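The next block is coords_6.cif, given as mmCIF, C-alpha atoms.
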```cif
data_coords
#
loop_
_atom_site.label_atom_id
_atom_site.label_comp_id
_atom_site.auth_asym_id
_atom_site.auth_seq_id
_atom_site.Cartn_x
_atom_site.Cartn_y
_atom_site.Cartn_z
CA MET A 27 -0.80 -21.08 13.88
CA SER A 28 -1.28 -18.71 10.96
CA GLY A 29 -5.05 -18.99 10.77
CA HIS A 30 -5.15 -21.18 7.67
CA ASN A 31 -7.86 -23.77 7.26
CA LYS A 32 -9.43 -26.13 4.77
CA TRP A 33 -10.78 -23.22 2.72
CA SER A 34 -7.25 -21.90 2.18
CA THR A 35 -6.31 -25.21 0.60
CA ILE A 36 -9.42 -25.30 -1.56
CA LYS A 37 -8.78 -21.74 -2.74
CA HIS A 38 -5.18 -22.39 -3.75
CA LYS A 39 -5.90 -25.72 -5.44
CA LYS A 40 -8.73 -24.02 -7.33
CA ALA A 41 -6.37 -21.20 -8.29
CA ALA A 42 -3.91 -23.75 -9.67
CA ALA A 43 -6.64 -25.34 -11.77
CA ASP A 44 -7.86 -21.94 -12.96
CA ALA A 45 -4.31 -21.00 -13.91
CA LYS A 46 -4.14 -23.95 -16.28
CA ARG A 47 -7.24 -22.57 -17.99
CA GLY A 48 -5.86 -19.03 -18.12
CA LYS A 49 -8.49 -17.60 -15.79
CA VAL A 50 -5.99 -15.95 -13.47
CA PHE A 51 -4.12 -14.11 -16.19
CA THR A 52 -6.14 -10.91 -15.80
CA LYS A 53 -5.27 -10.61 -12.10
CA VAL A 54 -1.62 -11.47 -12.59
CA ILE A 55 -1.30 -8.99 -15.46
CA LYS A 56 -2.67 -6.24 -13.21
CA GLU A 57 -0.19 -7.10 -10.46
CA LEU A 58 2.70 -7.12 -12.92
CA THR A 59 1.63 -3.72 -14.25
CA VAL A 60 1.22 -2.12 -10.82
CA ALA A 61 4.45 -3.64 -9.50
CA ALA A 62 6.40 -2.30 -12.49
CA ARG A 63 4.78 1.12 -12.15
CA ALA A 64 5.64 1.29 -8.44
CA GLY A 65 9.21 0.03 -8.56
CA GLY A 66 10.42 -0.14 -12.14
CA SER A 67 10.82 -2.92 -14.67
CA ASP A 68 14.01 -4.49 -13.28
CA PRO A 69 13.01 -7.50 -11.11
CA ASP A 70 16.44 -7.55 -9.44
CA ALA A 71 15.73 -4.07 -8.05
CA ASN A 72 11.98 -4.56 -7.58
CA PRO A 73 11.08 -7.42 -5.19
CA ARG A 74 7.34 -6.99 -5.72
CA LEU A 75 7.77 -7.37 -9.46
CA ARG A 76 9.93 -10.46 -9.01
CA SER A 77 7.21 -12.05 -6.89
CA ALA A 78 4.59 -11.18 -9.51
CA MET A 79 6.78 -12.78 -12.17
CA LEU A 80 7.02 -15.96 -10.08
CA THR A 81 3.23 -16.05 -9.86
CA ALA A 82 2.98 -15.49 -13.62
CA LYS A 83 5.36 -18.35 -14.31
CA ALA A 84 3.44 -20.63 -11.92
CA ALA A 85 0.31 -19.80 -13.93
CA ASN A 86 2.12 -20.73 -17.17
CA MET A 87 1.67 -17.22 -18.53
CA PRO A 88 3.36 -16.73 -21.93
CA LYS A 89 6.55 -14.71 -21.67
CA ASP A 90 5.33 -12.16 -24.22
CA THR A 91 2.21 -11.49 -22.16
CA MET A 92 4.29 -10.99 -19.02
CA ILE A 93 6.75 -8.63 -20.73
CA ARG A 94 3.92 -6.59 -22.24
CA ALA A 95 2.30 -6.12 -18.82
CA ILE A 96 5.62 -5.01 -17.31
CA LYS A 97 6.23 -2.53 -20.13
CA LYS A 98 2.76 -1.05 -19.64
CA GLY A 99 3.47 -0.55 -15.96
CA ALA A 100 6.86 1.02 -16.68
CA GLY A 101 5.26 3.46 -19.12
CA GLU A 102 6.85 1.96 -22.21
CA LEU A 103 3.41 1.01 -23.58
CA GLY A 104 -0.03 2.55 -23.11
CA GLY A 105 -2.50 0.92 -20.76
CA ALA A 106 -4.98 1.34 -17.93
CA ASP A 107 -3.95 3.14 -14.75
CA TYR A 108 -4.82 0.77 -11.91
CA MET A 109 -5.47 1.87 -8.33
CA GLU A 110 -5.09 -0.29 -5.24
CA VAL A 111 -8.28 -0.14 -3.16
CA SER A 112 -9.33 -2.31 -0.21
CA TYR A 113 -12.84 -2.99 1.07
CA GLU A 114 -13.98 -4.41 4.40
CA GLY A 115 -17.21 -6.01 5.48
CA TYR A 116 -19.02 -8.89 7.12
CA GLY A 117 -20.28 -12.08 5.54
CA PRO A 118 -23.05 -14.41 6.76
CA GLY A 119 -22.61 -15.46 10.37
CA GLY A 120 -20.64 -12.29 11.14
CA ILE A 121 -17.48 -13.49 9.37
CA ALA A 122 -14.97 -10.67 8.76
CA VAL A 123 -14.02 -10.27 5.09
CA LEU A 124 -11.26 -8.07 3.65
CA VAL A 125 -11.02 -7.57 -0.12
CA GLU A 126 -8.01 -6.21 -2.01
CA THR A 127 -8.61 -4.87 -5.53
CA LEU A 128 -6.73 -3.36 -8.44
CA THR A 129 -9.10 -1.25 -10.51
CA ASP A 130 -9.23 1.42 -13.18
CA ASN A 131 -12.77 2.38 -12.12
CA LYS A 132 -13.45 2.69 -8.38
CA ASN A 133 -17.16 3.34 -8.85
CA ARG A 134 -17.61 0.13 -10.81
CA THR A 135 -15.60 -1.92 -8.35
CA VAL A 136 -17.23 -0.68 -5.15
CA GLY A 137 -20.64 -1.20 -6.76
CA ASP A 138 -19.80 -4.77 -7.71
CA VAL A 139 -18.29 -5.58 -4.31
CA ARG A 140 -21.23 -4.06 -2.41
CA HIS A 141 -23.72 -5.96 -4.59
CA THR A 142 -21.92 -9.25 -3.90
CA PHE A 143 -21.94 -8.69 -0.14
CA THR A 144 -25.62 -7.77 -0.17
CA LYS A 145 -26.62 -10.69 -2.41
CA TYR A 146 -25.13 -13.22 -0.01
CA ASN A 147 -26.36 -11.88 3.33
CA GLY A 148 -23.34 -9.71 4.07
CA ASN A 149 -22.70 -6.01 4.29
CA LEU A 150 -19.90 -3.71 3.22
CA GLY A 151 -18.42 -1.78 6.15
CA GLN A 152 -16.29 1.30 6.71
CA ASP A 153 -12.50 1.40 6.42
CA GLY A 154 -11.03 -0.15 9.54
CA SER A 155 -14.16 -2.07 10.47
CA VAL A 156 -12.49 -5.49 10.22
CA ALA A 157 -8.83 -4.86 9.31
CA TRP A 158 -7.91 -4.76 13.01
CA MET A 159 -8.77 -8.47 13.22
CA PHE A 160 -5.92 -9.35 10.83
CA ASP A 161 -2.14 -9.12 10.94
CA ARG A 162 -0.19 -8.01 7.88
CA LYS A 163 2.30 -10.78 7.08
CA GLY A 164 4.48 -12.03 4.30
CA GLN A 165 3.23 -15.30 2.86
CA VAL A 166 4.86 -17.80 0.54
CA VAL A 167 2.68 -20.58 -0.86
CA VAL A 168 4.64 -23.69 -1.84
CA ALA A 169 3.00 -26.54 -3.76
CA GLU A 170 3.39 -28.75 -6.77
CA ASP A 171 0.60 -31.02 -7.95
CA GLY A 172 1.30 -34.71 -7.40
CA VAL A 173 4.67 -34.15 -5.69
CA ASN A 174 5.42 -34.93 -2.05
CA LEU A 175 7.68 -32.19 -0.78
CA ASP A 176 10.05 -32.56 2.16
CA GLU A 177 8.24 -30.62 4.89
CA ASP A 178 11.11 -30.82 7.37
CA GLN A 179 13.59 -29.43 4.85
CA LEU A 180 11.20 -26.68 3.81
CA PHE A 181 10.65 -25.73 7.45
CA GLU A 182 14.39 -25.62 8.09
CA VAL A 183 15.07 -23.45 5.02
CA ALA A 184 12.18 -21.09 5.79
CA VAL A 185 12.96 -20.60 9.47
CA GLU A 186 16.66 -20.09 8.80
CA ALA A 187 15.69 -17.29 6.39
CA GLY A 188 13.48 -15.63 9.01
CA ALA A 189 10.04 -17.25 8.66
CA ASP A 190 7.76 -17.51 11.68
CA ASP A 191 5.50 -20.40 10.80
CA LEU A 192 4.72 -23.20 8.36
CA ASP A 193 1.30 -24.77 7.83
CA ASN A 194 0.76 -27.90 5.74
CA GLU A 195 -2.78 -28.15 4.43
CA ASP A 196 -3.14 -31.26 2.28
CA GLY A 197 0.20 -30.73 0.57
CA VAL A 198 -0.14 -26.97 0.15
CA PHE A 199 2.42 -25.24 2.38
CA PHE A 200 1.82 -21.75 3.76
CA VAL A 201 5.01 -20.08 5.01
CA THR A 202 4.40 -16.89 7.00
CA CYS A 203 6.89 -14.26 8.08
CA GLU A 204 7.17 -10.58 8.91
CA PRO A 205 6.68 -8.35 5.84
CA THR A 206 10.24 -7.04 6.09
CA VAL A 207 11.78 -10.47 5.40
CA LEU A 208 9.28 -11.76 2.81
CA TYR A 209 11.66 -11.54 -0.12
CA GLU A 210 14.56 -13.07 1.78
CA VAL A 211 12.35 -16.02 2.76
CA ARG A 212 11.02 -16.35 -0.77
CA ASP A 213 14.53 -16.28 -2.27
CA ALA A 214 15.79 -18.92 0.18
CA ILE A 215 12.89 -21.25 -0.62
CA GLU A 216 13.36 -20.71 -4.35
CA THR A 217 17.11 -21.30 -4.12
CA ALA A 218 16.46 -24.56 -2.23
CA GLY A 219 14.46 -25.77 -5.22
CA PHE A 220 10.94 -25.70 -3.79
CA PRO A 221 8.12 -24.78 -6.22
CA ILE A 222 6.66 -21.41 -5.23
CA ARG A 223 3.09 -20.81 -6.29
CA GLU A 224 2.78 -17.35 -4.78
CA ALA A 225 4.76 -14.91 -2.64
CA SER A 226 3.08 -11.75 -1.41
CA LEU A 227 1.90 -9.71 1.53
CA ALA A 228 -1.27 -11.14 3.05
CA TYR A 229 -3.75 -10.50 5.83
CA ILE A 230 -3.73 -13.38 8.32
CA PRO A 231 -6.62 -13.53 10.84
CA GLN A 232 -5.59 -13.24 14.47
CA ASN A 233 -8.33 -15.70 15.37
CA THR A 234 -10.74 -17.78 13.32
CA VAL A 235 -14.47 -18.27 13.81
CA GLU A 236 -16.04 -21.68 13.18
CA VAL A 237 -18.84 -21.32 10.66
CA GLU A 238 -22.16 -23.03 11.29
CA THR A 239 -23.46 -25.24 8.51
CA LYS A 240 -26.48 -22.97 7.97
CA HIS A 241 -24.15 -20.11 7.00
CA ALA A 242 -21.40 -22.06 5.24
CA ARG A 243 -22.96 -22.48 1.80
CA THR A 244 -23.86 -18.80 1.50
CA LEU A 245 -20.41 -17.76 2.76
CA ILE A 246 -18.66 -19.94 0.17
CA LYS A 247 -20.80 -18.42 -2.58
CA LEU A 248 -19.87 -14.94 -1.35
CA LEU A 249 -16.15 -15.75 -1.31
CA ASP A 250 -16.28 -17.47 -4.69
CA LEU A 251 -18.09 -14.57 -6.37
CA LEU A 252 -15.67 -12.06 -4.94
CA GLU A 253 -12.71 -14.16 -6.14
CA GLU A 254 -14.22 -14.35 -9.64
CA ASN A 255 -14.38 -10.55 -9.96
CA ASP A 256 -11.59 -9.44 -12.31
CA ASP A 257 -10.92 -6.37 -10.15
CA VAL A 258 -10.41 -8.45 -7.00
CA GLN A 259 -6.86 -9.60 -6.31
CA ASN A 260 -7.23 -11.20 -2.88
CA VAL A 261 -9.99 -12.08 -0.43
CA TYR A 262 -9.19 -12.67 3.25
CA HIS A 263 -11.53 -13.81 6.01
CA ASN A 264 -11.52 -15.25 9.52
CA ALA A 265 -13.84 -18.21 8.83
CA GLU A 266 -12.98 -21.71 9.95
CA LEU A 267 -14.71 -24.19 7.66
CA THR A 268 -14.26 -27.60 9.24
CA ASP A 269 -14.12 -30.89 7.38
CA ASP A 270 -17.47 -31.88 8.91
CA VAL A 271 -19.16 -28.72 7.63
CA LEU A 272 -17.64 -29.07 4.17
CA ALA A 273 -18.69 -32.71 4.03
CA GLU A 274 -22.30 -31.72 4.75
CA LEU A 275 -22.21 -29.32 1.81
CA GLU A 276 -21.09 -31.94 -0.72
#
```

Step by step, read the file and then write its structure as structure tokens.
Amino acid sequence: MSGHNKWSTIKHKKAAADAKRGKVFTKVIKELTVAARAGGSDPDANPRLRSAMLTAKAANMPKDTMIRAIKKGAGELGGADYMEVSYEGYGPGGIAVLVETLTDNKNRTVGDVRHTFTKYNGNLGQDGSVAWMFDRKGQVVVAEDGVNLDEDQLFEVAVEAGADDLDNEDGVFFVTCEPTVLYEVRDAIETAGFPIREASLAYIPQNTVEVETKHARTLIKLLDLLEENDDVQNVYHNAELTDDVLAELE
């Protein structure tokens, strides 16, 4: 299994709802800008940019906004110079947490991330302190609200393109593969007509740790606050939040 759990589903369903309200635009704009800066403004020659554009379209981002972000990254327009910085630490209950950011001010970002860890009974660690607990994988998230997708067909298409695994969490499908075949898998799924919500490199935990109820509420607050930070692009962890624990928190 890829290490997904109930929290993964909650996160992606929340992201879909946030997208409708425009809350994810800031993060997607940053990814578009950095992708264009790294590989150019032609999506046919820049797989990372093409994936960012898919995410932008899934978030219903206006075309003009998307084009402007790409032009900024390609140097055609002025704009902030974003850096990719990752942070590692531990949350309540010893849960490993890995945070990916895009920032134009490292001092601000590390201060905000450290404060969030400290506020919710965690601590920011050194580089490499938890990254070894995760595998770097390609990940394609497939979902469409209110639509029952054909899981068997999706599995067949994904595996034929080189995917390793498929998890179905309440109608949100997580396709994982080696990083080298991410874009081939993504293209095959897109060509087959499945709705892609996101396609990117991700950190998948090698093993998950079941979270006790006494730590769960604080951990969720930590993860939520990190996700809400405009500089934070992705948050990964090795927590297993079971249905029973989540039910107790409601």

Quiz prompt | Surrounding residues of Pro205 of chain A excluding itself and chain neighbours under 3 positions, 7 Å, only C-alpha atoms, as a list in words | solution =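 Counting only the stated atoms, we get Lys163, Gly164, Leu208 and Leu227 of chain A.
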
Exercise. One decimal, Å: what's the distance from atom CA of Thr142 of chain A over to atom CA of Asn264 of chain A, could you say?
Key: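 Going from atom CA of Thr142 of chain A over to atom CA of Asn264 of chain A, I get 18.0 Å.
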
Quiz item: Hey, what comes out of the PyMOL selection byres ((chain A and resi 121) around 12) on this file? Could you write it as a ChimeraX atom specification?
Solution: /A:114-120,122-124,143,147-150,155-156,159,231,233-238,241-242,244-246,248-249,262-267

Exercise. Find the residues around segment 198-204 of chain A up to 6 Å (all atoms listed in the file counted), leave out those fewer than 2 positions away in its own chain, and share them as a PyMOL selection string.
Key: chain A and resi 163-169+189-196+206-207

Using the chain letters and numbers from the file, which residues does the PyMOL selection byres ((chain A and resi 83-94) around 7) grab, as a PDB file with C-alpha atoms, in the coordinates of the input?
```pdb
ATOM      1  CA  ALA A  45      -4.310 -21.000 -13.910  1.00  0.00           C
ATOM      2  CA  LYS A  46      -4.140 -23.950 -16.280  1.00  0.00           C
ATOM      3  CA  PHE A  51      -4.120 -14.110 -16.190  1.00  0.00           C
ATOM      4  CA  ILE A  55      -1.300  -8.990 -15.460  1.00  0.00           C
ATOM      5  CA  MET A  79       6.780 -12.780 -12.170  1.00  0.00           C
ATOM      6  CA  LEU A  80       7.020 -15.960 -10.080  1.00  0.00           C
ATOM      7  CA  THR A  81       3.230 -16.050  -9.860  1.00  0.00           C
ATOM      8  CA  ALA A  82       2.980 -15.490 -13.620  1.00  0.00           C
ATOM      9  CA  ALA A  95       2.300  -6.120 -18.820  1.00  0.00           C
ATOM     10  CA  ILE A  96       5.620  -5.010 -17.310  1.00  0.00           C
ATOM     11  CA  LYS A  97       6.230  -2.530 -20.130  1.00  0.00           C
ATOM     12  CA  LYS A  98       2.760  -1.050 -19.640  1.00  0.00           C
ATOM     13  CA  ARG A 223       3.090 -20.810  -6.290  1.00  0.00           C
TER      14      ARG A 223
END
```

Self-check item: Residue among A:Ser226, A:Asn260, A:Asn133, A:Thr268 lying closest to Leu75 of chain A, counting all atoms listed in the file
Solution: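 The answer is A:Ser226, which sits nearest to Leu75 of chain A.
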
Practice problem: Point out the residue among A:Ala228, A:Ala61, A:Thr52, A:Arg74 with the least atom-to-atom distance to Phe160 of chain A, counting only C-alpha atoms. | Solution: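 So, comparing all the options, the nearest one is A:Ala228.
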
Self-check item: Å distance separating atom CA of Arg140 of chain A from atom CA of Ser112 of chain A, one decimal place
Solution: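 Separating atom CA of Arg140 of chain A from atom CA of Ser112 of chain A is a distance of 12.2 Å.
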
Practice problem: Between atom CA of Gly219 of chain A and atom CA of Val54 of chain A, measure the distance and give it in Å to one decimal. | Solution: 22.7 Å

Here's the selection I'm unsure about, the PyMOL selection byres ((chain A and resi 214) around 12); applied to the file above, which residues does it give, as a PDB file with C-alpha atoms, in the coordinates of the input?
```
ATOM      1  CA  VAL A 166       4.860 -17.800   0.540  1.00  0.00           C
ATOM      2  CA  GLN A 179      13.590 -29.430   4.850  1.00  0.00           C
ATOM      3  CA  LEU A 180      11.200 -26.680   3.810  1.00  0.00           C
ATOM      4  CA  PHE A 181      10.650 -25.730   7.450  1.00  0.00           C
ATOM      5  CA  GLU A 182      14.390 -25.620   8.090  1.00  0.00           C
ATOM      6  CA  VAL A 183      15.070 -23.450   5.020  1.00  0.00           C
ATOM      7  CA  ALA A 184      12.180 -21.090   5.790  1.00  0.00           C
ATOM      8  CA  VAL A 185      12.960 -20.600   9.470  1.00  0.00           C
ATOM      9  CA  GLU A 186      16.660 -20.090   8.800  1.00  0.00           C
ATOM     10  CA  ALA A 187      15.690 -17.290   6.390  1.00  0.00           C
ATOM     11  CA  GLY A 188      13.480 -15.630   9.010  1.00  0.00           C
ATOM     12  CA  ALA A 189      10.040 -17.250   8.660  1.00  0.00           C
ATOM     13  CA  VAL A 201       5.010 -20.080   5.010  1.00  0.00           C
ATOM     14  CA  VAL A 207      11.780 -10.470   5.400  1.00  0.00           C
ATOM     15  CA  LEU A 208       9.280 -11.760   2.810  1.00  0.00           C
ATOM     16  CA  TYR A 209      11.660 -11.540  -0.120  1.00  0.00           C
ATOM     17  CA  GLU A 210      14.560 -13.070   1.780  1.00  0.00           C
ATOM     18  CA  VAL A 211      12.350 -16.020   2.760  1.00  0.00           C
ATOM     19  CA  ARG A 212      11.020 -16.350  -0.770  1.00  0.00           C
ATOM     20  CA  ASP A 213      14.530 -16.280  -2.270  1.00  0.00           C
ATOM     21  CA  ILE A 215      12.890 -21.250  -0.620  1.00  0.00           C
ATOM     22  CA  GLU A 216      13.360 -20.710  -4.350  1.00  0.00           C
ATOM     23  CA  THR A 217      17.110 -21.300  -4.120  1.00  0.00           C
ATOM     24  CA  ALA A 218      16.460 -24.560  -2.230  1.00  0.00           C
ATOM     25  CA  GLY A 219      14.460 -25.770  -5.220  1.00  0.00           C
ATOM     26  CA  PHE A 220      10.940 -25.700  -3.790  1.00  0.00           C
ATOM     27  CA  PRO A 221       8.120 -24.780  -6.220  1.00  0.00           C
ATOM     28  CA  ILE A 222       6.660 -21.410  -5.230  1.00  0.00           C
TER      29      ILE A 222
END
```

Quiz prompt | Pick from A:Gly197, A:Val50, A:Glu170, A:Arg162, whichever lies nearest to Asp256 of chain A using only C-alpha atoms | solution =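 Ranking A:Gly197, A:Val50, A:Glu170, A:Arg162 by distance to Asp256 of chain A, first place goes to A:Val50.
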
Quiz item: Using all atoms listed in the file, which of the listed residues (A:Arg134, A:Ala100, A:Ser77, A:Arg243) sits closest to Ala62 of chain A?
Solution: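 Looking at the shortest contact to Ala62 of chain A, the residue is A:Ala100.
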
Self-check item: Nearest to Gly154 of chain A, chosen from A:Val139, A:Lys247, A:Asn131, A:Tyr113, with all atoms listed in the file counted in the distances
Solution: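 Of A:Val139, A:Lys247, A:Asn131, A:Tyr113, the one nearest Gly154 of chain A, counting all atoms listed in the file, is A:Tyr113.
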
Practice problem: Return the single residue from A:Gly101, A:Val261, A:Leu128, A:Lys53 that is closest to Gly66 of chain A, with distances computed using all atoms listed in the file. | Solution: A:Gly101

Produce the centre coordinates and the three edge lengths, each in Å to one decimal, of the box along x, y and z that contains all listed atoms of segment 111-126 of chain A with 8 Å added on each side, as JSON.
```
{"center_x": -15.5, "center_y": -7.8, "center_z": 4.0, "size_x": 31.0, "size_y": 31.3, "size_z": 30.3}
```

Within 8 Å of Val111 of chain A, counting all atoms listed in the file, which residues show up once you throw out same-chain ones fewer than 4 positions away? Write them as a PDB file with C-alpha atoms, in the coordinates of the input, please.
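Writing the result to around.pdb gives the following:
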```pdb
ATOM      1  CA  GLU A 126      -8.010  -6.210  -2.010  1.00  0.00           C
ATOM      2  CA  THR A 127      -8.610  -4.870  -5.530  1.00  0.00           C
ATOM      3  CA  LEU A 128      -6.730  -3.360  -8.440  1.00  0.00           C
ATOM      4  CA  THR A 129      -9.100  -1.250 -10.510  1.00  0.00           C
ATOM      5  CA  LYS A 132     -13.450   2.690  -8.380  1.00  0.00           C
TER       6      LYS A 132
END
```
